[in-house]
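Engineer: One file: entry_15.pdb (PDB, C-alpha atoms).
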```pdb
MODEL        1
ATOM      1  CA  MET J   1     127.168 107.094  85.563
ATOM      2  CA  ALA J   2     123.823 106.340  83.898
ATOM      3  CA  PRO J   3     124.116 104.739  80.441
ATOM      4  CA  ILE J   4     122.906 106.758  77.443
ATOM      5  CA  PHE J   5     120.867 105.329  74.594
ATOM      6  CA  ILE J   6     119.500 106.609  71.300
ATOM      7  CA  VAL J   7     115.776 105.868  71.403
ATOM      8  CA  PRO J   8     114.207 103.810  68.571
ATOM      9  CA  GLU J   9     110.770 104.551  67.104
ATOM     10  CA  THR J  10     109.410 101.477  68.909
ATOM     11  CA  TYR J  11     110.319 102.869  72.339
ATOM     12  CA  ASP J  12     107.738 103.014  75.140
ATOM     13  CA  GLN J  13     106.239 106.490  74.701
ATOM     14  CA  THR J  14     104.681 106.514  78.161
ATOM     15  CA  ALA J  15     108.035 105.778  79.789
ATOM     16  CA  PHE J  16     109.663 108.487  77.663
ATOM     17  CA  ASN J  17     107.098 111.110  78.662
ATOM     18  CA  ALA J  18     107.385 110.134  82.317
ATOM     19  CA  ALA J  19     110.983 111.379  82.204
ATOM     20  CA  ALA J  20     110.288 114.415  79.977
ATOM     21  CA  HIS J  21     110.772 117.822  81.572
ATOM     22  CA  HIS J  22     108.575 120.081  79.425
ATOM     23  CA  PRO J  23     105.918 119.865  76.661
ATOM     24  CA  MET J  24     108.655 120.424  74.064
ATOM     25  CA  GLN J  25     110.407 117.298  75.325
ATOM     26  CA  THR J  26     107.375 115.022  74.982
ATOM     27  CA  TRP J  27     107.164 112.230  72.450
ATOM     28  CA  GLU J  28     104.182 113.948  70.797
ATOM     29  CA  TRP J  29     106.167 117.148  70.276
ATOM     30  CA  GLY J  30     108.910 115.173  68.583
ATOM     31  CA  GLU J  31     106.401 113.533  66.258
ATOM     32  CA  ALA J  32     104.997 116.949  65.386
ATOM     33  CA  ARG J  33     108.450 118.326  64.606
ATOM     34  CA  LYS J  34     109.144 115.371  62.326
ATOM     35  CA  GLU J  35     105.920 116.130  60.482
ATOM     36  CA  THR J  36     107.146 119.690  59.897
ATOM     37  CA  GLY J  37     110.076 118.225  57.978
ATOM     38  CA  VAL J  38     112.944 118.221  60.464
ATOM     39  CA  GLU J  39     114.893 115.266  61.790
ATOM     40  CA  VAL J  40     114.349 114.422  65.473
ATOM     41  CA  VAL J  41     116.761 112.502  67.699
ATOM     42  CA  ARG J  42     115.823 111.190  71.141
ATOM     43  CA  ILE J  43     118.315 110.007  73.748
ATOM     44  CA  THR J  44     117.782 108.811  77.301
ATOM     45  CA  GLU J  45     119.808 108.391  80.457
ATOM     46  CA  GLN J  46     118.619 105.158  82.065
ATOM     47  CA  GLU J  47     118.851 103.331  85.359
ATOM     48  CA  ASN J  48     117.676  99.724  85.502
ATOM     49  CA  HIS J  49     116.298 100.132  81.956
ATOM     50  CA  ILE J  50     114.084 103.032  83.101
ATOM     51  CA  PRO J  51     114.682 106.530  81.653
ATOM     52  CA  ILE J  52     115.574 109.109  84.288
ATOM     53  CA  ASN J  53     116.250 111.953  81.831
ATOM     54  CA  VAL J  54     115.362 112.449  78.173
ATOM     55  CA  PHE J  55     116.946 114.791  75.638
ATOM     56  CA  GLN J  56     114.967 115.287  72.444
ATOM     57  CA  PHE J  57     116.551 117.524  69.828
ATOM     58  CA  SER J  58     115.808 118.520  66.263
ATOM     59  CA  LEU J  59     118.263 118.794  63.379
ATOM     60  CA  HIS J  60     117.926 121.592  60.842
ATOM     61  CA  LYS J  61     119.663 121.401  57.484
ATOM     62  CA  ILE J  62     121.571 124.387  56.153
ATOM     63  CA  PRO J  63     120.445 124.755  52.514
ATOM     64  CA  TYR J  64     122.884 123.734  49.782
ATOM     65  CA  THR J  65     125.365 122.248  52.308
ATOM     66  CA  PRO J  66     125.809 118.891  54.034
ATOM     67  CA  TYR J  67     125.711 120.630  57.432
ATOM     68  CA  LYS J  68     123.070 120.829  60.131
ATOM     69  CA  ILE J  69     122.286 122.732  63.326
ATOM     70  CA  GLY J  70     120.863 121.009  66.389
ATOM     71  CA  TYR J  71     118.330 122.411  68.832
ATOM     72  CA  LEU J  72     117.666 120.936  72.287
ATOM     73  CA  PRO J  73     114.877 122.943  73.965
ATOM     74  CA  ARG J  74     113.604 122.867  77.549
ATOM     75  CA  SER J  75     115.358 119.765  78.873
ATOM     76  CA  VAL J  76     117.079 119.374  82.209
ATOM     77  CA  ILE J  77     120.692 120.554  82.312
ATOM     78  CA  PRO J  78     122.734 117.899  80.512
ATOM     79  CA  SER J  79     125.566 116.385  82.513
ATOM     80  CA  LYS J  80     129.132 116.364  81.182
ATOM     81  CA  HIS J  81     128.541 112.718  80.274
ATOM     82  CA  VAL J  82     125.525 113.703  78.150
ATOM     83  CA  LEU J  83     127.355 116.683  76.621
ATOM     84  CA  ASP J  84     130.216 114.420  75.573
ATOM     85  CA  PHE J  85     127.719 112.004  73.990
ATOM     86  CA  LEU J  86     126.009 114.868  72.147
ATOM     87  CA  PHE J  87     129.340 116.251  70.950
ATOM     88  CA  ASP J  88     130.426 112.882  69.553
ATOM     89  CA  TYR J  89     127.055 112.361  67.869
ATOM     90  CA  ALA J  90     127.170 115.844  66.342
ATOM     91  CA  LYS J  91     130.727 115.379  65.082
ATOM     92  CA  LYS J  92     129.733 112.184  63.272
ATOM     93  CA  ASN J  93     126.650 113.752  61.701
ATOM     94  CA  ASN J  94     127.858 117.092  60.241
ATOM     95  CA  ILE J  95     126.261 119.147  63.018
ATOM     96  CA  ILE J  96     128.034 122.500  63.394
ATOM     97  CA  PHE J  97     126.659 123.175  66.872
ATOM     98  CA  LEU J  98     123.800 122.224  69.170
ATOM     99  CA  LYS J  99     121.787 124.982  70.843
ATOM    100  CA  ILE J 100     120.718 123.955  74.357
ATOM    101  CA  GLU J 101     118.057 125.881  76.301
ATOM    102  CA  PRO J 102     117.279 124.083  79.588
ATOM    103  CA  TYR J 103     114.022 124.634  81.444
ATOM    104  CA  VAL J 104     115.860 125.256  84.705
ATOM    105  CA  GLU J 105     115.831 128.311  86.925
ATOM    106  CA  ASN J 106     119.055 130.268  87.279
ATOM    107  CA  ASP J 107     120.892 129.669  90.552
ATOM    108  CA  LYS J 108     124.196 131.159  89.407
ATOM    109  CA  PHE J 109     124.823 127.961  87.438
ATOM    110  CA  GLN J 110     127.418 128.125  84.675
ATOM    111  CA  MET J 111     128.170 125.500  82.035
ATOM    112  CA  THR J 112     131.768 124.363  82.618
ATOM    113  CA  ASN J 113     132.406 122.190  79.567
ATOM    114  CA  PHE J 114     135.108 123.757  77.386
ATOM    115  CA  LYS J 115     133.100 123.058  74.228
ATOM    116  CA  ILE J 116     130.059 125.069  75.306
ATOM    117  CA  ILE J 117     129.503 128.834  75.459
ATOM    118  CA  LYS J 118     126.674 131.213  76.229
ATOM    119  CA  SER J 119     124.677 131.566  73.012
ATOM    120  CA  PRO J 120     124.766 134.945  71.234
ATOM    121  CA  HIS J 121     121.409 134.147  69.601
ATOM    122  CA  PRO J 122     118.978 132.662  72.138
ATOM    123  CA  LEU J 123     115.568 131.489  70.963
ATOM    124  CA  PHE J 124     113.829 131.579  74.350
ATOM    125  CA  PRO J 125     113.921 134.664  76.587
ATOM    126  CA  GLU J 126     115.935 134.209  79.766
ATOM    127  CA  TRP J 127     113.100 135.571  81.902
ATOM    128  CA  THR J 128     109.495 134.609  82.423
ATOM    129  CA  GLN J 129     106.753 135.456  84.897
ATOM    130  CA  MET J 130     104.979 132.822  86.971
ATOM    131  CA  VAL J 131     101.867 132.632  89.120
ATOM    132  CA  ASP J 132     101.750 130.384  92.179
ATOM    133  CA  LEU J 133      98.657 128.244  91.653
ATOM    134  CA  THR J 134      98.860 126.609  95.074
ATOM    135  CA  LYS J 135      97.210 129.760  96.432
ATOM    136  CA  THR J 136      93.450 129.937  96.861
ATOM    137  CA  GLU J 137      91.314 131.770  94.301
ATOM    138  CA  GLU J 138      90.743 134.514  96.863
ATOM    139  CA  GLU J 139      94.496 134.903  97.406
ATOM    140  CA  LEU J 140      95.115 134.995  93.661
ATOM    141  CA  MET J 141      92.493 137.719  93.212
ATOM    142  CA  LYS J 142      93.999 139.705  96.075
ATOM    143  CA  ASP J 143      97.450 139.510  94.433
ATOM    144  CA  LEU J 144      96.213 141.181  91.233
ATOM    145  CA  LYS J 145      97.172 144.774  90.609
ATOM    146  CA  PRO J 146      94.210 147.105  91.212
ATOM    147  CA  LYS J 147      93.917 148.116  87.546
ATOM    148  CA  THR J 148      93.942 144.466  86.427
ATOM    149  CA  ARG J 149      91.272 143.568  88.986
ATOM    150  CA  TYR J 150      89.158 146.511  87.828
ATOM    151  CA  ASN J 151      89.482 145.490  84.152
ATOM    152  CA  ILE J 152      88.467 141.906  84.918
ATOM    153  CA  ARG J 153      85.323 143.067  86.685
ATOM    154  CA  LEU J 154      84.614 145.554  83.895
ATOM    155  CA  ALA J 155      84.793 142.766  81.314
ATOM    156  CA  GLN J 156      82.354 140.704  83.369
ATOM    157  CA  LYS J 157      79.949 143.664  83.640
ATOM    158  CA  LYS J 158      80.098 144.235  79.894
ATOM    159  CA  GLY J 159      79.058 140.630  79.317
ATOM    160  CA  VAL J 160      82.344 139.070  78.207
ATOM    161  CA  VAL J 161      82.251 135.286  78.636
ATOM    162  CA  VAL J 162      85.252 132.937  78.510
ATOM    163  CA  LYS J 163      84.796 129.421  77.167
ATOM    164  CA  GLU J 164      87.156 126.479  76.928
ATOM    165  CA  ILE J 165      86.785 125.054  73.411
ATOM    166  CA  SER J 166      89.673 122.606  73.147
ATOM    167  CA  THR J 167      88.469 121.213  69.828
ATOM    168  CA  ASP J 168      89.428 121.689  66.189
ATOM    169  CA  GLU J 169      86.720 124.377  65.990
ATOM    170  CA  GLY J 170      88.149 126.226  68.974
ATOM    171  CA  PHE J 171      91.661 125.951  67.605
ATOM    172  CA  ALA J 172      90.473 127.470  64.301
ATOM    173  CA  VAL J 173      89.094 130.508  66.180
ATOM    174  CA  PHE J 174      92.326 130.845  68.143
ATOM    175  CA  SER J 175      94.429 130.455  64.998
ATOM    176  CA  ASP J 176      92.591 133.228  63.134
ATOM    177  CA  LEU J 177      93.057 135.646  66.045
ATOM    178  CA  TYR J 178      96.675 134.632  66.564
ATOM    179  CA  PHE J 179      97.736 135.161  62.954
ATOM    180  CA  ALA J 180      95.776 138.394  62.686
ATOM    181  CA  THR J 181      97.728 139.604  65.719
ATOM    182  CA  CYS J 182     101.052 138.446  64.221
ATOM    183  CA  LYS J 183     100.305 140.377  61.032
ATOM    184  CA  ARG J 184      99.251 143.466  62.953
ATOM    185  CA  GLN J 185     102.379 143.412  65.118
ATOM    186  CA  LYS J 186     104.709 142.347  62.271
ATOM    187  CA  TYR J 187     105.818 139.270  64.182
ATOM    188  CA  PHE J 188     107.842 136.722  62.192
ATOM    189  CA  GLY J 189     106.747 133.493  63.874
ATOM    190  CA  HIS J 190     105.940 129.983  62.768
ATOM    191  CA  THR J 191     103.556 129.332  59.897
ATOM    192  CA  ARG J 192      99.898 128.410  60.197
ATOM    193  CA  LYS J 193     100.763 124.908  58.962
ATOM    194  CA  TYR J 194     103.333 124.520  61.769
ATOM    195  CA  HIS J 195     100.771 125.436  64.408
ATOM    196  CA  GLU J 196      98.205 123.081  62.900
ATOM    197  CA  ILE J 197     100.698 120.207  63.019
ATOM    198  CA  ILE J 198     101.582 120.915  66.667
ATOM    199  CA  TRP J 199      97.894 121.076  67.571
ATOM    200  CA  ARG J 200      97.007 117.877  65.758
ATOM    201  CA  ASN J 201      99.766 115.885  67.447
ATOM    202  CA  LEU J 202      99.248 117.234  70.966
ATOM    203  CA  LYS J 203      95.460 117.663  71.141
ATOM    204  CA  ASN J 204      93.375 115.664  73.607
ATOM    205  CA  ASN J 205      96.380 115.587  75.898
ATOM    206  CA  ILE J 206      98.477 118.728  76.386
ATOM    207  CA  PRO J 207      96.844 121.822  74.749
ATOM    208  CA  HIS J 208      93.774 123.743  75.886
ATOM    209  CA  VAL J 209      92.051 126.555  74.001
ATOM    210  CA  LEU J 210      90.335 129.407  75.872
ATOM    211  CA  ILE J 211      88.325 132.058  74.032
ATOM    212  CA  ALA J 212      86.796 135.295  75.329
ATOM    213  CA  TYR J 213      83.502 136.212  73.621
ATOM    214  CA  LEU J 214      81.288 139.264  73.595
ATOM    215  CA  GLY J 215      78.063 137.809  72.274
ATOM    216  CA  ASP J 216      79.218 135.653  69.386
ATOM    217  CA  ILE J 217      82.298 137.794  68.636
ATOM    218  CA  PRO J 218      85.659 136.285  69.745
ATOM    219  CA  LEU J 219      87.743 139.026  71.351
ATOM    220  CA  ALA J 220      90.816 137.081  72.428
ATOM    221  CA  ALA J 221      92.027 133.486  72.494
ATOM    222  CA  TYR J 222      94.863 131.511  74.058
ATOM    223  CA  GLU J 223      96.413 128.152  73.324
ATOM    224  CA  LEU J 224      97.723 126.829  76.639
ATOM    225  CA  PHE J 225      99.743 123.715  77.525
ATOM    226  CA  TYR J 226      99.366 121.587  80.659
ATOM    227  CA  PHE J 227     102.169 119.185  81.527
ATOM    228  CA  LYS J 228     103.426 117.846  84.861
ATOM    229  CA  ASP J 229     101.956 120.354  87.298
ATOM    230  CA  VAL J 230     102.774 123.384  85.131
ATOM    231  CA  PHE J 231     100.315 125.344  82.985
ATOM    232  CA  TYR J 232     101.962 127.280  80.138
ATOM    233  CA  TYR J 233     100.782 130.272  78.100
ATOM    234  CA  PRO J 234     102.769 130.069  74.846
ATOM    235  CA  TYR J 235     100.384 131.614  72.293
ATOM    236  CA  GLY J 236      97.676 134.248  72.285
ATOM    237  CA  GLY J 237      95.792 136.468  69.866
ATOM    238  CA  THR J 238      93.375 139.368  70.131
ATOM    239  CA  SER J 239      90.841 141.122  67.956
ATOM    240  CA  VAL J 240      90.770 144.845  67.180
ATOM    241  CA  LEU J 241      87.042 144.806  67.960
ATOM    242  CA  HIS J 242      85.592 145.941  71.309
ATOM    243  CA  ARG J 243      88.933 146.526  72.970
ATOM    244  CA  ASN J 244      87.214 148.545  75.688
ATOM    245  CA  ALA J 245      85.424 145.363  76.793
ATOM    246  CA  MET J 246      88.718 144.168  78.327
ATOM    247  CA  GLY J 247      88.290 140.630  77.026
ATOM    248  CA  ALA J 248      92.020 139.849  77.234
ATOM    249  CA  ASN J 249      92.074 140.759  80.936
ATOM    250  CA  LEU J 250      89.269 138.374  81.790
ATOM    251  CA  LEU J 251      90.768 135.704  79.532
ATOM    252  CA  MET J 252      94.091 135.669  81.398
ATOM    253  CA  TRP J 253      92.297 135.471  84.744
ATOM    254  CA  GLU J 254      90.229 132.514  83.528
ATOM    255  CA  ALA J 255      93.404 130.877  82.193
ATOM    256  CA  ILE J 256      94.896 131.087  85.690
ATOM    257  CA  LEU J 257      91.758 129.542  87.173
ATOM    258  CA  LEU J 258      91.733 126.774  84.553
ATOM    259  CA  GLY J 259      95.344 125.908  85.380
ATOM    260  CA  LYS J 260      94.425 125.669  89.047
ATOM    261  CA  LYS J 261      91.382 123.506  88.220
ATOM    262  CA  LEU J 262      93.551 121.123  86.187
ATOM    263  CA  GLY J 263      95.848 120.651  89.163
ATOM    264  CA  ALA J 264      98.818 122.740  88.071
ATOM    265  CA  LYS J 265     101.036 124.230  90.749
ATOM    266  CA  LYS J 266     102.572 126.931  88.565
ATOM    267  CA  PHE J 267     101.387 129.065  85.654
ATOM    268  CA  ASP J 268     104.299 129.928  83.366
ATOM    269  CA  MET J 269     103.674 132.874  81.059
ATOM    270  CA  TRP J 270     106.392 131.573  78.681
ATOM    271  CA  GLY J 271     108.499 134.711  78.366
ATOM    272  CA  SER J 272     109.057 138.247  79.599
ATOM    273  CA  LEU J 273     111.467 141.122  79.692
ATOM    274  CA  PRO J 274     113.585 141.220  82.858
ATOM    275  CA  PRO J 275     112.151 143.180  85.799
ATOM    276  CA  ILE J 276     112.653 146.965  85.718
ATOM    277  CA  SER J 277     113.957 146.764  82.138
ATOM    278  CA  LEU J 278     110.880 147.621  80.106
ATOM    279  CA  GLY J 279     112.046 150.676  78.176
ATOM    280  CA  ASN J 280     110.591 151.002  74.679
ATOM    281  CA  SER J 281     110.875 147.328  73.735
ATOM    282  CA  SER J 282     108.127 145.752  71.669
ATOM    283  CA  TRP J 283     107.731 143.358  74.607
ATOM    284  CA  SER J 284     107.026 146.127  77.115
ATOM    285  CA  GLY J 285     103.247 146.010  76.691
ATOM    286  CA  PHE J 286     102.704 142.327  77.322
ATOM    287  CA  THR J 287     105.355 142.296  80.083
ATOM    288  CA  ARG J 288     103.353 144.938  81.971
ATOM    289  CA  PHE J 289     100.131 143.080  81.162
ATOM    290  CA  LYS J 290     101.489 139.902  82.769
ATOM    291  CA  GLU J 291     102.742 141.815  85.813
ATOM    292  CA  GLY J 292      99.141 142.689  86.612
ATOM    293  CA  TYR J 293      98.377 139.101  87.625
ATOM    294  CA  GLY J 294     100.510 138.931  90.749
ATOM    295  CA  THR J 295     103.392 137.224  89.012
ATOM    296  CA  LYS J 296     106.882 136.461  90.187
ATOM    297  CA  TYR J 297     109.800 137.096  87.834
ATOM    298  CA  VAL J 298     111.866 133.962  87.205
ATOM    299  CA  GLU J 299     115.244 133.828  85.451
ATOM    300  CA  PHE J 300     116.359 130.696  83.607
ATOM    301  CA  VAL J 301     119.935 129.516  83.126
ATOM    302  CA  GLY J 302     119.811 130.764  79.554
ATOM    303  CA  SER J 303     120.858 129.537  76.143
ATOM    304  CA  PHE J 304     124.102 127.700  75.360
ATOM    305  CA  ASP J 305     125.801 126.510  72.188
ATOM    306  CA  LEU J 306     127.711 123.237  72.151
ATOM    307  CA  ILE J 307     130.279 124.007  69.431
ATOM    308  CA  VAL J 308     131.462 121.165  67.224
ATOM    309  CA  ASP J 309     133.064 123.051  64.303
ATOM    310  CA  PRO J 310     134.435 126.431  65.548
ATOM    311  CA  VAL J 311     135.188 127.828  62.065
ATOM    312  CA  LEU J 312     131.756 127.072  60.597
ATOM    313  CA  TYR J 313     130.155 128.221  63.847
ATOM    314  CA  ALA J 314     131.790 131.663  63.502
ATOM    315  CA  ILE J 315     130.663 131.922  59.858
ATOM    316  CA  TYR J 316     127.107 130.905  60.783
ATOM    317  CA  ASN J 317     126.863 133.535  63.530
ATOM    318  CA  SER J 318     128.099 136.263  61.204
ATOM    319  CA  LEU J 319     125.468 135.351  58.613
ATOM    320  CA  HIS J 320     122.809 135.117  61.320
ATOM    321  CA  THR J 321     123.614 138.669  62.476
ATOM    322  CA  LEU J 322     123.369 140.002  58.908
ATOM    323  CA  ARG J 323     120.019 138.243  58.424
ATOM    324  CA  ASN J 324     118.602 139.809  61.616
ATOM    325  CA  MET J 325     119.754 143.242  60.486
ATOM    326  CA  TYR J 326     117.984 142.716  57.147
ATOM    327  CA  LEU J 327     114.732 141.619  58.828
ATOM    328  CA  SER J 328     114.821 144.608  61.183
ATOM    329  CA  LEU J 329     115.080 146.952  58.197
ATOM    330  CA  LYS J 330     111.968 145.364  56.650
ATOM    331  CA  LYS J 331     109.795 146.059  59.699
TER     332      LYS J 331
ENDMDL
END
```
Could you take the file, read its structure, and then write that structure out as structure tokens?

Structural biologist:
Amino acid sequence: MAPIFIVPETYDQTAFNAAAHHPMQTWEWGEARKETGVEVVRITEQENHIPINVFQFSLHKIPYTPYKIGYLPRSVIPSKHVLDFLFDYAKKNNIIFLKIEPYVENDKFQMTNFKIIKSPHPLFPEWTQMVDLTKTEEELMKDLKPKTRYNIRLAQKKGVVVKEISTDEGFAVFSDLYFATCKRQKYFGHTRKYHEIIWRNLKNNIPHVLIAYLGDIPLAAYELFYFKDVFYYPYGGTSVLHRNAMGANLLMWEAILLGKKLGAKKFDMWGSLPPISLGNSSWSGFTRFKEGYGTKYVEFVGSFDLIVDPVLYAIYNSLHTLRNMYLSLKK
């Protein structure tokens, strides 16, 4: 059984990142989260003083109370030994529960610890779509749906050009398009300041910015993450101008090619509805859009809550449900 340690601020960041499983588990992400005002705790499982797994989680205070909620995103699946450590830590630090969302594909795995249940309020979708970047460019183009392939070529004919501008200037263009899109779609996401903090802490290492232009007009922009052979598409924004130029279609194709150029083996589109479940969801449009790129649907193990205080946990979930109902009425 590998020993578990709480990591001090003086810890070897390179060694920590070598064991990290996802961009949200990197040292830089933790520093960014601290800058946003939340407490960050890092623990490691070690063998011969070398970390083999890391678990970085944030603690979020409940206003006007001494209590907190923990969030552990995109780690490996914690062992029972790690879960017991987390439970004891949470109990000593007024943490009602810890939400755990591993970045692990679903193979009929079920958490078996009696203190943990499937979360009623997941933050990440259980499904995503992925592109196999080990294929050749010709194979990737062949895998596209005919309409997607047509739109890419149409964008090229109309003069749309995609540029990587992974600088503060490029991020500013992306940010304007992203928040304009959030406002247009009434999406309640993170603030502009949050995104600026994440960018500032991760830039020159993990994030890349791609922008599709028609002349000097930005039509669409993505912020993408590259980490350990996986290229991720977490954030994107589009303009209402020149939609018939199909800039977003060409942009996604160029994002796939950039991931391949960087050496990634997989392109993870970050989230999706399940297959054959589109319906009238607000996610239907971008789920179909992603399907056009020859993707494979992938299901993750899902979201789990490690419950420390069952009574306060039940109260919290009831209030959370009421809050979501209120926000839905405001849309």

Engineer: Here's the selection I'm unsure about, the PyMOL selection byres ((chain J and resi 50-61) around 7); applied to the file above, which residues does it give, as a ChimeraX atom specification?

Structural biologist: /J:15-16,19-20,25,38-49,62-63,67-72,75

Engineer: Next, write the just-selected residues to a file, as a short mmCIF file (atom, residue, chain, number, x, y, z; two decimals), keeping the file's coordinate frame, keeping C-alpha atoms as the atom set.

Structural biologist:
```
data_model
loop_
_atom_site.label_atom_id
_atom_site.label_comp_id
_atom_site.auth_asym_id
_atom_site.auth_seq_id
_atom_site.Cartn_x
_atom_site.Cartn_y
_atom_site.Cartn_z
CA ALA J 15 108.04 105.78 79.79
CA PHE J 16 109.66 108.49 77.66
CA ALA J 19 110.98 111.38 82.20
CA ALA J 20 110.29 114.42 79.98
CA GLN J 25 110.41 117.30 75.32
CA VAL J 38 112.94 118.22 60.46
CA GLU J 39 114.89 115.27 61.79
CA VAL J 40 114.35 114.42 65.47
CA VAL J 41 116.76 112.50 67.70
CA ARG J 42 115.82 111.19 71.14
CA ILE J 43 118.32 110.01 73.75
CA THR J 44 117.78 108.81 77.30
CA GLU J 45 119.81 108.39 80.46
CA GLN J 46 118.62 105.16 82.06
CA GLU J 47 118.85 103.33 85.36
CA ASN J 48 117.68 99.72 85.50
CA HIS J 49 116.30 100.13 81.96
CA ILE J 62 121.57 124.39 56.15
CA PRO J 63 120.44 124.76 52.51
CA TYR J 67 125.71 120.63 57.43
CA LYS J 68 123.07 120.83 60.13
CA ILE J 69 122.29 122.73 63.33
CA GLY J 70 120.86 121.01 66.39
CA TYR J 71 118.33 122.41 68.83
CA LEU J 72 117.67 120.94 72.29
CA SER J 75 115.36 119.76 78.87
#
```

Engineer: Let me know the residues the PyMOL selection byres ((chain J and resi 127) around 9) catches in the file above, as a PyMOL selection string.

Structural biologist: chain J and resi 124-126+128-129+270-275+297-300+302

Engineer: If the PyMOL selection byres ((chain J and resi 165) around 12) were run on this exact file, what residues would it hold? Put them as a CSV table (one decimal) with C-alpha atoms, in the coordinates of the input.

Structural biologist:
```
chain,number,residue,atom,x,y,z
J,162,VAL,CA,85.3,132.9,78.5
J,163,LYS,CA,84.8,129.4,77.2
J,164,GLU,CA,87.2,126.5,76.9
J,166,SER,CA,89.7,122.6,73.1
J,167,THR,CA,88.5,121.2,69.8
J,168,ASP,CA,89.4,121.7,66.2
J,169,GLU,CA,86.7,124.4,66.0
J,170,GLY,CA,88.1,126.2,69.0
J,171,PHE,CA,91.7,126.0,67.6
J,172,ALA,CA,90.5,127.5,64.3
J,173,VAL,CA,89.1,130.5,66.2
J,174,PHE,CA,92.3,130.8,68.1
J,203,LYS,CA,95.5,117.7,71.1
J,204,ASN,CA,93.4,115.7,73.6
J,207,PRO,CA,96.8,121.8,74.7
J,208,HIS,CA,93.8,123.7,75.9
J,209,VAL,CA,92.1,126.6,74.0
J,210,LEU,CA,90.3,129.4,75.9
J,211,ILE,CA,88.3,132.1,74.0
J,212,ALA,CA,86.8,135.3,75.3
J,213,TYR,CA,83.5,136.2,73.6
J,218,PRO,CA,85.7,136.3,69.7
J,221,ALA,CA,92.0,133.5,72.5
J,222,TYR,CA,94.9,131.5,74.1
J,223,GLU,CA,96.4,128.2,73.3
J,224,LEU,CA,97.7,126.8,76.6
```

Engineer: Interatomic distance between CA of Leu98 in chain J and CA of Tyr313 in chain J?

Structural biologist: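 Interatomic distance here is 10.2 Å.
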
Engineer: Determine, using only C-alpha atoms, which residues of range 13-50 of chain J have any atom at most 10 Å from an atom of range 225-242 of chain J, and tabulate each with its shortest atom pair and distance in Å to one decimal place, rows ordered by chain and then rising number, as CSV.

Structural biologist:
```
residue,atom,partner,partner_atom,distance
J:Asn17,CA,J:Lys228,CA,9.9
J:Ala18,CA,J:Lys228,CA,9.0
J:Ala20,CA,J:Lys228,CA,9.1
J:His21,CA,J:Lys228,CA,8.0
J:His22,CA,J:Phe227,CA,6.8
J:Pro23,CA,J:Phe227,CA,6.2
J:Met24,CA,J:Phe227,CA,10.0
J:Thr26,CA,J:Phe227,CA,9.3
```

Engineer: Provide the CA of Lys142 in chain J to CA of Glu105 in chain J distance in Å, to one decimal place.

Structural biologist: 26.3 Å

Engineer: What lies within 10 Å of Pro120 in chain J using all atoms listed in the file, ignoring chain neighbours under 5 positions off, as a PyMOL selection string?

Structural biologist: chain J and resi 303-305+317+321

Engineer: Could you write out that same residue set with C-alpha atoms as a PDB file, keeping the file's coordinate frame?

Structural biologist:
```
ATOM      1  CA  SER J 303     120.858 129.537  76.143  1.00  0.00           C
ATOM      2  CA  PHE J 304     124.102 127.700  75.360  1.00  0.00           C
ATOM      3  CA  ASP J 305     125.801 126.510  72.188  1.00  0.00           C
ATOM      4  CA  ASN J 317     126.863 133.535  63.530  1.00  0.00           C
ATOM      5  CA  THR J 321     123.614 138.669  62.476  1.00  0.00           C
TER       6      THR J 321
END
```

Engineer: Find the distance between CA of Ser318 in chain J and CA of Thr36 in chain J and write it in Å to one decimal.

Structural biologist: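 Here the two named atoms are 26.7 Å from each other.
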
Engineer: With all atoms listed in the file as the atoms that count, which of J:Ile307, J:Val104, J:Met1, J:Leu144 lies nearest to Lys80 in chain J?

Structural biologist: J:Met1

Engineer: Output as JSON the centre and edge lengths (Å, one decimal) of the box along x, y and z of the file that holds every listed atom of range 20-38 of chain J after adding 3 Å on each side.

Structural biologist:
```
{"center_x": 108.6, "center_y": 116.3, "center_z": 69.8, "size_x": 14.8, "size_y": 14.2, "size_z": 29.6}
```

Engineer: Taking the partial coordinates given, rebuild range 43-50 of chain J to contain N, CA and C atoms; return it as an mmCIF file, in the coordinates of the input.

Structural biologist:
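Saved the output as rebuild_2.cif:
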```cif
data_model
loop_
_atom_site.group_PDB
_atom_site.id
_atom_site.type_symbol
_atom_site.label_atom_id
_atom_site.label_comp_id
_atom_site.auth_asym_id
_atom_site.auth_seq_id
_atom_site.Cartn_x
_atom_site.Cartn_y
_atom_site.Cartn_z
ATOM 1 N N ILE J 43 117.409 110.825 72.949
ATOM 2 C CA ILE J 43 118.315 110.007 73.748
ATOM 3 C C ILE J 43 117.809 109.987 75.188
ATOM 4 N N THR J 44 118.184 108.936 75.902
ATOM 5 C CA THR J 44 117.782 108.811 77.301
ATOM 6 C C THR J 44 118.980 108.442 78.156
ATOM 7 N N GLU J 45 118.960 108.933 79.393
ATOM 8 C CA GLU J 45 119.808 108.391 80.457
ATOM 9 C C GLU J 45 118.940 107.399 81.219
ATOM 10 N N GLN J 46 119.452 106.200 81.461
ATOM 11 C CA GLN J 46 118.619 105.158 82.065
ATOM 12 C C GLN J 46 119.282 104.539 83.293
ATOM 13 N N GLU J 47 118.427 104.127 84.214
ATOM 14 C CA GLU J 47 118.851 103.331 85.359
ATOM 15 C C GLU J 47 117.917 102.140 85.451
ATOM 16 N N ASN J 48 118.475 100.954 85.463
ATOM 17 C CA ASN J 48 117.676 99.724 85.502
ATOM 18 C C ASN J 48 116.656 99.692 84.366
ATOM 19 N N HIS J 49 117.110 100.140 83.179
ATOM 20 C CA HIS J 49 116.298 100.132 81.956
ATOM 21 C C HIS J 49 115.124 101.117 82.014
ATOM 22 N N ILE J 50 115.139 102.020 82.973
ATOM 23 C CA ILE J 50 114.084 103.032 83.101
ATOM 24 C C ILE J 50 114.691 104.406 82.839
#
```
